[in-house]
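Visitor: Questions regarding the structure given below will be posed in turn.
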Amino acid sequence: MIRASAPGKLILFGDHAVVYGEPGIATAINKRVYSTACELEGRKIIIESKDTGETIECGIRDKSKNPIVAAVQEAQKFSKSRSGVGVEINSQIPIGAGLGSSAAVATATIASVATLFNGKEPSTMEIAEMAYKADKLAHESPSGIDTAITSLGGTIFFKKGNISQLDSDPLTFVVANSGVRRNTSDMVLRVKNSIMDPRVALSMFSIGSLAKEARTVFMNKRPVDLGPLMDRGQSLLKDLGVSSTAIEDLVKLAKDSGAIGSKITGAGGGGCIISLSDDPEDLIKAFKENGAFAYSVRTNQPGVRIE
Ligand code: MEV
C-alpha cells in the first residue's frame, strides 16, 4: 500500500491568460489531498473518495473522461502494469473552488499508483508530465499550471513549456468562498468563445504583464507590493467576464475591511477570492460577520510526495 499527497494551489497572477501562452504565478498551499493505492485482484480500478462518498468502478483499460481514472491509467501505463488497483482519496481542499482540488487529486493518485507498481518513486517531472496528460483528457485545453504547481510545489513563474521557482517565504492569504461551485472547463470555454474580441486579447496580454511585474516584486522581497497588482488583476478578470456579483461583493467587503489586494483565484465564475492583508485574522472575522466562509492559507508549500 502506498500513500502520497499533493497540495492545493492559489493562482496569484495569470488566471486564464496562461492558457494563451502568457505567464502566470502560482503557489502551493498548506491544504493537501491524500491518495492511498493498493493492488487488487482482477482487472478493475476502484476509486473511493472519502469526502464526497463517491465510488467509481471500471475496467483498467476502459476509456473514461473521469480525471481520477485517467490519472490511474497514466500511472499504470508508466509502470507497464496490468494489475487491478484500489485508490482511496482523502482531501482537505474544497471541490470546484479554484484551489486546485482536481489537479491535486490526479497528481497524488499518479504518485501513489506509479510508486506502487513501478517499485520506486517517479521523479517530480515524470509525475507532472503524467498529471498534465491526464488533465488534458479531462479538461478543456488546460495550460498545465495547476498540475505543475501541485507537482513541483513552492511558488512558480509559469509560461507554457517554461517553469521557474520564485524565491519566496511562506505568505499568508485569506481565502473567502463565494459558495458557488463552478466547473473550470466551462469557464475556460466561455473565455475561449470570446478570444477573437480584441479587448479580450488585450486583457490577456495585460494579465501576463502583471505576472511579470509580480515576479519583480518577489525578487525584491516586497510581498506587500503584490496587493495593488492583485487589484489590477481582479479588474482585468472582471473585464474577461469571469467575475460575478457574489465575487464582486466579496472583493468589496475585503477592500472595505482593509485588504491590501483581492482577486479571484483560478477560473472564476464562483469559487474563491484570495486577499492579502496586514491583519488576516481581522479580515477573516469581517468575512465571517458577513456570512462568508473564510480562512487563511500559507503559501510556498512542498509539492507532491510519498508519505
Ligand atoms: C485554473 O486553475 C486556471 C485557468 O487558468 C485554466 C488553466 O490554466 O488551465 C483558468
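Labeling convention for the C-alpha cells: chains A, B, ... as they appear, residues from 1 per chain, ligands from 1 in order of appearance.
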Could you list, as an mmCIF file with C-alpha atoms, in the first residue's frame, all residues that come within 6 Å of ligand 1? Count only C-alpha atoms and all ligand atoms.
Guide:
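File written: selection15.cif
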```
data_model
loop_
_atom_site.group_PDB
_atom_site.id
_atom_site.type_symbol
_atom_site.label_atom_id
_atom_site.label_comp_id
_atom_site.auth_asym_id
_atom_site.auth_seq_id
_atom_site.Cartn_x
_atom_site.Cartn_y
_atom_site.Cartn_z
ATOM 1 C CA ASP A 15 -5.515 33.129 -14.455
ATOM 2 C CA HIS A 16 -6.872 32.252 -17.945
ATOM 3 C CA VAL A 18 -1.698 31.191 -19.115
ATOM 4 C CA VAL A 19 -3.945 29.140 -21.442
ATOM 5 C CA GLY A 98 -10.391 27.369 -7.647
ATOM 6 C CA PRO A 142 -5.565 23.211 -19.670
ATOM 7 C CA SER A 143 -2.461 25.391 -19.569
ATOM 8 C CA GLY A 144 -0.687 22.942 -17.247
ATOM 9 C CA ILE A 145 -0.217 25.496 -14.429
ATOM 10 C CA ASP A 146 -2.405 23.515 -11.974
ATOM 11 C CA VAL A 188 -12.147 28.218 -19.919
ATOM 12 C CA GLY A 266 -8.397 30.105 -10.780
ATOM 13 C CA ALA A 267 -11.195 30.022 -13.315
#
```
Visitor: Just want the 12 Å neighbourhood of Met204 in chain A, counted on only C-alpha atoms, with same-chain residues fewer than 6 positions away dropped. Output as a PyMOL selection string.
Guide: chain A and resi 13-24+191-192+194-198+210-211+233+235-240
Visitor: Give me a file of those residues, with N, CA and C atoms, as a tab-separated table (two decimals), in the first residue's frame.
Guide:
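That gives us again26.tsv:
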```
chain	number	residue	atom	x	y	z
A	13	PHE	N	-1.35	35.26	-10.12
A	13	PHE	CA	-1.43	36.09	-11.35
A	13	PHE	C	-1.49	35.17	-12.55
A	14	GLY	N	-2.18	35.63	-13.60
A	14	GLY	CA	-2.14	34.90	-14.87
A	14	GLY	C	-3.32	33.99	-15.15
A	15	ASP	N	-4.34	33.99	-14.24
A	15	ASP	CA	-5.51	33.13	-14.45
A	15	ASP	C	-6.05	33.35	-15.88
A	16	HIS	N	-6.38	32.28	-16.56
A	16	HIS	CA	-6.87	32.25	-17.95
A	16	HIS	C	-5.80	32.66	-18.96
A	17	ALA	N	-5.04	33.71	-18.70
A	17	ALA	CA	-4.07	34.18	-19.70
A	17	ALA	C	-3.00	33.10	-19.96
A	18	VAL	N	-2.70	32.26	-18.92
A	18	VAL	CA	-1.70	31.19	-19.12
A	18	VAL	C	-2.12	30.20	-20.20
A	19	VAL	N	-3.45	30.06	-20.40
A	19	VAL	CA	-3.94	29.14	-21.44
A	19	VAL	C	-3.49	29.63	-22.82
A	20	TYR	N	-3.29	30.95	-22.96
A	20	TYR	CA	-2.94	31.56	-24.26
A	20	TYR	C	-1.45	31.93	-24.32
A	21	GLY	N	-0.64	31.27	-23.46
A	21	GLY	CA	0.81	31.43	-23.56
A	21	GLY	C	1.38	32.61	-22.78
A	22	GLU	N	0.50	33.33	-22.04
A	22	GLU	CA	1.01	34.42	-21.20
A	22	GLU	C	1.57	33.82	-19.89
A	23	PRO	N	2.44	34.54	-19.20
A	23	PRO	CA	2.96	33.99	-17.94
A	23	PRO	C	1.98	34.11	-16.78
A	24	GLY	N	2.21	33.30	-15.76
A	24	GLY	CA	1.39	33.35	-14.54
A	24	GLY	C	2.25	32.98	-13.34
A	191	VAL	N	-14.34	31.75	-21.97
A	191	VAL	CA	-13.33	32.75	-22.36
A	191	VAL	C	-12.88	32.48	-23.80
A	192	LYS	N	-12.70	31.20	-24.13
A	192	LYS	CA	-12.24	30.82	-25.48
A	192	LYS	C	-13.21	31.37	-26.55
A	194	SER	N	-14.72	34.05	-26.58
A	194	SER	CA	-14.65	35.49	-26.81
A	194	SER	C	-13.23	35.95	-27.15
A	195	ILE	N	-12.33	34.97	-27.41
A	195	ILE	CA	-10.92	35.32	-27.55
A	195	ILE	C	-10.63	36.15	-28.83
A	196	MET	N	-11.55	36.09	-29.82
A	196	MET	CA	-11.32	36.87	-31.04
A	196	MET	C	-11.63	38.35	-30.83
A	197	ASP	N	-12.28	38.69	-29.73
A	197	ASP	CA	-12.57	40.09	-29.41
A	197	ASP	C	-11.24	40.76	-29.01
A	198	PRO	N	-10.82	41.83	-29.73
A	198	PRO	CA	-9.51	42.44	-29.46
A	198	PRO	C	-9.37	42.91	-28.01
A	210	LEU	N	1.14	41.76	-15.76
A	210	LEU	CA	1.07	41.84	-14.29
A	210	LEU	C	1.90	40.74	-13.64
A	211	ALA	N	1.86	39.53	-14.25
A	211	ALA	CA	2.65	38.41	-13.70
A	211	ALA	C	4.14	38.75	-13.74
A	233	GLY	N	-5.28	42.86	-11.30
A	233	GLY	CA	-5.60	41.55	-11.87
A	233	GLY	C	-7.10	41.27	-11.81
A	235	SER	N	-9.53	43.43	-11.70
A	235	SER	CA	-10.28	44.28	-12.63
A	235	SER	C	-10.18	43.72	-14.07
A	236	LEU	N	-9.01	43.16	-14.42
A	236	LEU	CA	-8.85	42.56	-15.76
A	236	LEU	C	-9.68	41.28	-15.89
A	237	LEU	N	-9.74	40.51	-14.80
A	237	LEU	CA	-10.54	39.27	-14.85
A	237	LEU	C	-12.03	39.60	-14.97
A	238	LYS	N	-12.42	40.70	-14.33
A	238	LYS	CA	-13.82	41.16	-14.46
A	238	LYS	C	-14.11	41.51	-15.93
A	239	ASP	N	-13.15	42.20	-16.56
A	239	ASP	CA	-13.31	42.54	-17.98
A	239	ASP	C	-13.44	41.28	-18.85
A	240	LEU	N	-12.76	40.21	-18.43
A	240	LEU	CA	-12.84	38.95	-19.21
A	240	LEU	C	-14.19	38.27	-19.05
```
Visitor: Need to verify the contact set: Ile260 in chain A, 7 Å, only C-alpha atoms, exclusion of same-chain residues closer than 6 positions in sequence. Can you return it as a list in words?
Guide: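 Once the nearby chain positions are removed, what remains is Gly227, Pro228, Leu276 and Ser277 of chain A.
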Visitor: Restricting the calculation to only C-alpha atoms, which member of A:Ile284, A:Ala254, A:Ile56, A:Ile149 is positioned closest to Val304 in chain A?
Guide: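 Counting only C-alpha atoms, the residue closest to Val304 in chain A is A:Ile149.
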Visitor: Residues at most 8 Å from Met130 in chain A, counting only C-alpha atoms, excluding those fewer than 5 positions away in the same chain, as a list in words?
Guide: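 Residues meeting the cut-off are Ala71, Glu74, Ala75 and Ile110 of chain A.
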Visitor: Which distance in Å separates CA of Asn300 in chain A and CA of Asn118 in chain A, to one decimal?
Guide: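 CA of Asn118 in chain A lies at a distance of 29.0 Å from CA of Asn300 in chain A.
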Visitor: Per residue of range 74-93 of chain A within 12 Å of range 67-70 of chain A, record the nearest atom pair and its distance in Å to one decimal, counting only C-alpha atoms, with rows in chain order and ascending residue number, as JSON lines.
Guide:
```
{"residue": "A:Glu74", "atom": "CA", "partner": "A:Ala70", "partner_atom": "CA", "distance": 6.2}
{"residue": "A:Ala75", "atom": "CA", "partner": "A:Ala70", "partner_atom": "CA", "distance": 8.7}
{"residue": "A:Gln76", "atom": "CA", "partner": "A:Ala70", "partner_atom": "CA", "distance": 9.9}
{"residue": "A:Lys77", "atom": "CA", "partner": "A:Ala70", "partner_atom": "CA", "distance": 10.5}
{"residue": "A:Val85", "atom": "CA", "partner": "A:Val69", "partner_atom": "CA", "distance": 10.6}
{"residue": "A:Gly86", "atom": "CA", "partner": "A:Val69", "partner_atom": "CA", "distance": 10.8}
{"residue": "A:Val87", "atom": "CA", "partner": "A:Ile68", "partner_atom": "CA", "distance": 9.3}
{"residue": "A:Glu88", "atom": "CA", "partner": "A:Ile68", "partner_atom": "CA", "distance": 10.8}
{"residue": "A:Ile89", "atom": "CA", "partner": "A:Ile68", "partner_atom": "CA", "distance": 9.8}
```
Visitor: Suppose you want the space between CA of Leu10 in chain A and CA of Gln73 in chain A; what is it in Å?
Guide: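 If I compute the distance from CA of Leu10 in chain A to CA of Gln73 in chain A, I get 27.1 Å.
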Visitor: Smallest atom-to-atom distance to Met1 in chain A: which of A:Val105, A:Ile25, A:Asn183, A:Ile306, using only C-alpha atoms?
Guide: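 Smallest separation from Met1 in chain A among the options: A:Ile306.
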Visitor: Within 12 Å of Glu289 in chain A, counting only C-alpha atoms, which residues show up once you throw out same-chain ones fewer than 5 positions away? Write them as a list of chain:residue names, please.
Guide: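 My list of contacting residues is A:Leu253, A:Ser257, A:Asp282, A:Leu283, A:Ile284, A:Ala294.
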Visitor: I need the residues from that last selection saved to file as a tab-separated table (two decimals), in the first residue's frame (with all heavy atoms), if you can.
Guide:
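Final output, part22.tsv:
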```
chain	number	residue	atom	x	y	z
A	253	LEU	N	-16.16	43.75	0.10
A	253	LEU	CA	-16.11	43.54	1.56
A	253	LEU	C	-14.65	43.48	2.02
A	253	LEU	O	-14.29	44.08	3.05
A	253	LEU	CB	-16.85	42.23	1.89
A	253	LEU	CG	-16.85	41.75	3.34
A	253	LEU	CD1	-17.44	42.81	4.27
A	253	LEU	CD2	-17.67	40.46	3.45
A	257	SER	N	-12.74	46.17	4.41
A	257	SER	CA	-12.21	45.67	5.68
A	257	SER	C	-10.69	45.75	5.72
A	257	SER	O	-10.05	45.08	6.55
A	257	SER	CB	-12.67	44.23	5.90
A	257	SER	OG	-14.06	44.11	5.70
A	282	ASP	N	-8.27	39.59	11.42
A	282	ASP	CA	-9.30	40.62	11.42
A	282	ASP	C	-10.16	40.52	10.15
A	282	ASP	O	-11.39	40.66	10.19
A	282	ASP	CB	-8.60	41.99	11.50
A	282	ASP	CG	-9.54	43.05	11.98
A	282	ASP	OD1	-10.20	42.82	13.02
A	282	ASP	OD2	-9.64	44.09	11.30
A	283	LEU	N	-9.48	40.27	9.02
A	283	LEU	CA	-10.21	40.15	7.74
A	283	LEU	C	-11.13	38.93	7.76
A	283	LEU	O	-12.28	38.99	7.31
A	283	LEU	CB	-9.20	40.08	6.58
A	283	LEU	CG	-9.80	40.00	5.18
A	283	LEU	CD1	-10.75	41.17	4.90
A	283	LEU	CD2	-8.70	39.97	4.13
A	284	ILE	N	-10.61	37.81	8.30
A	284	ILE	CA	-11.43	36.59	8.39
A	284	ILE	C	-12.69	36.88	9.23
A	284	ILE	O	-13.80	36.50	8.88
A	284	ILE	CB	-10.61	35.42	8.99
A	284	ILE	CG1	-9.54	34.99	8.00
A	284	ILE	CG2	-11.50	34.24	9.37
A	284	ILE	CD1	-8.53	34.00	8.53
A	294	ALA	N	-14.55	31.86	5.42
A	294	ALA	CA	-13.19	32.34	5.14
A	294	ALA	C	-12.18	31.70	6.09
A	294	ALA	O	-12.51	31.34	7.22
A	294	ALA	CB	-13.15	33.86	5.30
```
Visitor: Tell me which protein, DNA and RNA residues are within 10 Å of Asp169 in chain A, counting only C-alpha atoms, leaving out same-chain ones fewer than 4 positions away, and put them as a list in words.
Guide: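 Near Asp169 in chain A, the qualifying residues are Gly154, Thr155, Phe218, Lys221, Pro223, Arg298, Thr299, Asn300 and Gln301 of chain A.
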Visitor: Near Thr55 in chain A, counting only C-alpha atoms, which residues have an atom at most 10 Å away, once you skip same-chain residues fewer than 3 positions from it, shown as a list of chain:residue names?
Guide: A:Ile46, A:Ile47, A:Glu48, A:Ser49, A:Lys50, A:Thr52, A:Val87, A:Glu88
Visitor: Dump N, CA and C atoms for the selected residues as a compact mmCIF listing (two decimals), in the first residue's frame?
Guide:
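Result went into again09.txt, see below:
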```
# COMPACT_ATOMS: atom_id res chain seq x y z
N ILE A 46 -10.90 0.60 -8.71
CA ILE A 46 -11.96 1.05 -7.79
C ILE A 46 -11.43 2.29 -7.06
N ILE A 47 -12.14 3.39 -7.19
CA ILE A 47 -11.70 4.65 -6.56
C ILE A 47 -12.77 5.08 -5.55
N GLU A 48 -12.35 5.28 -4.33
CA GLU A 48 -13.30 5.70 -3.28
C GLU A 48 -12.89 7.06 -2.77
N SER A 49 -13.80 8.03 -2.90
CA SER A 49 -13.50 9.35 -2.37
C SER A 49 -14.19 9.49 -1.02
N LYS A 50 -13.40 9.58 0.05
CA LYS A 50 -13.95 9.61 1.40
C LYS A 50 -14.73 10.91 1.66
N THR A 52 -16.45 12.90 -0.73
CA THR A 52 -17.72 13.05 -1.46
C THR A 52 -18.59 11.81 -1.26
N VAL A 87 -7.97 2.78 -5.05
CA VAL A 87 -7.44 4.09 -4.62
C VAL A 87 -8.44 4.71 -3.64
N GLU A 88 -7.89 5.20 -2.50
CA GLU A 88 -8.75 5.92 -1.55
C GLU A 88 -8.26 7.37 -1.49
```
Visitor: Could you check which of A:Lys263, A:Arg199, A:Asp167, A:Arg43 is closest to Ile11 in chain A, using only C-alpha atoms?
Guide: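 For Ile11 in chain A, the nearest of the given residues is A:Lys263.
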Visitor: What does the distance from CA of Arg61 in chain A to CA of Glu307 in chain A come to in Å, to one decimal?
Guide: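 Computing it gives 27.9 Å between the two atoms.
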Visitor: Given the choices A:Ala37, A:Leu137, A:Val217, A:Leu99, which gets closest to Val113 in chain A if the distance is worked out from only C-alpha atoms?
Guide: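 Among A:Ala37, A:Leu137, A:Val217, A:Leu99, it is A:Ala37 that comes nearest to Val113 in chain A.
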Visitor: Considering only C-alpha atoms, state which residue in the set A:Arg32, A:Arg3, A:Lys133, A:Lys288 is at the smallest distance from Gly153 in chain A.
Guide: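 The shortest atom-to-atom distance to Gly153 in chain A comes from A:Arg32.
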Visitor: Taking the backbone alone, and naming residues the way the document does, which bits of range 43-132 of chain A are helix (DSSP H, G or I) by DSSP, as a VMD selection string?
Guide: chain A and resid 67 to 79 101 to 118 124 to 132
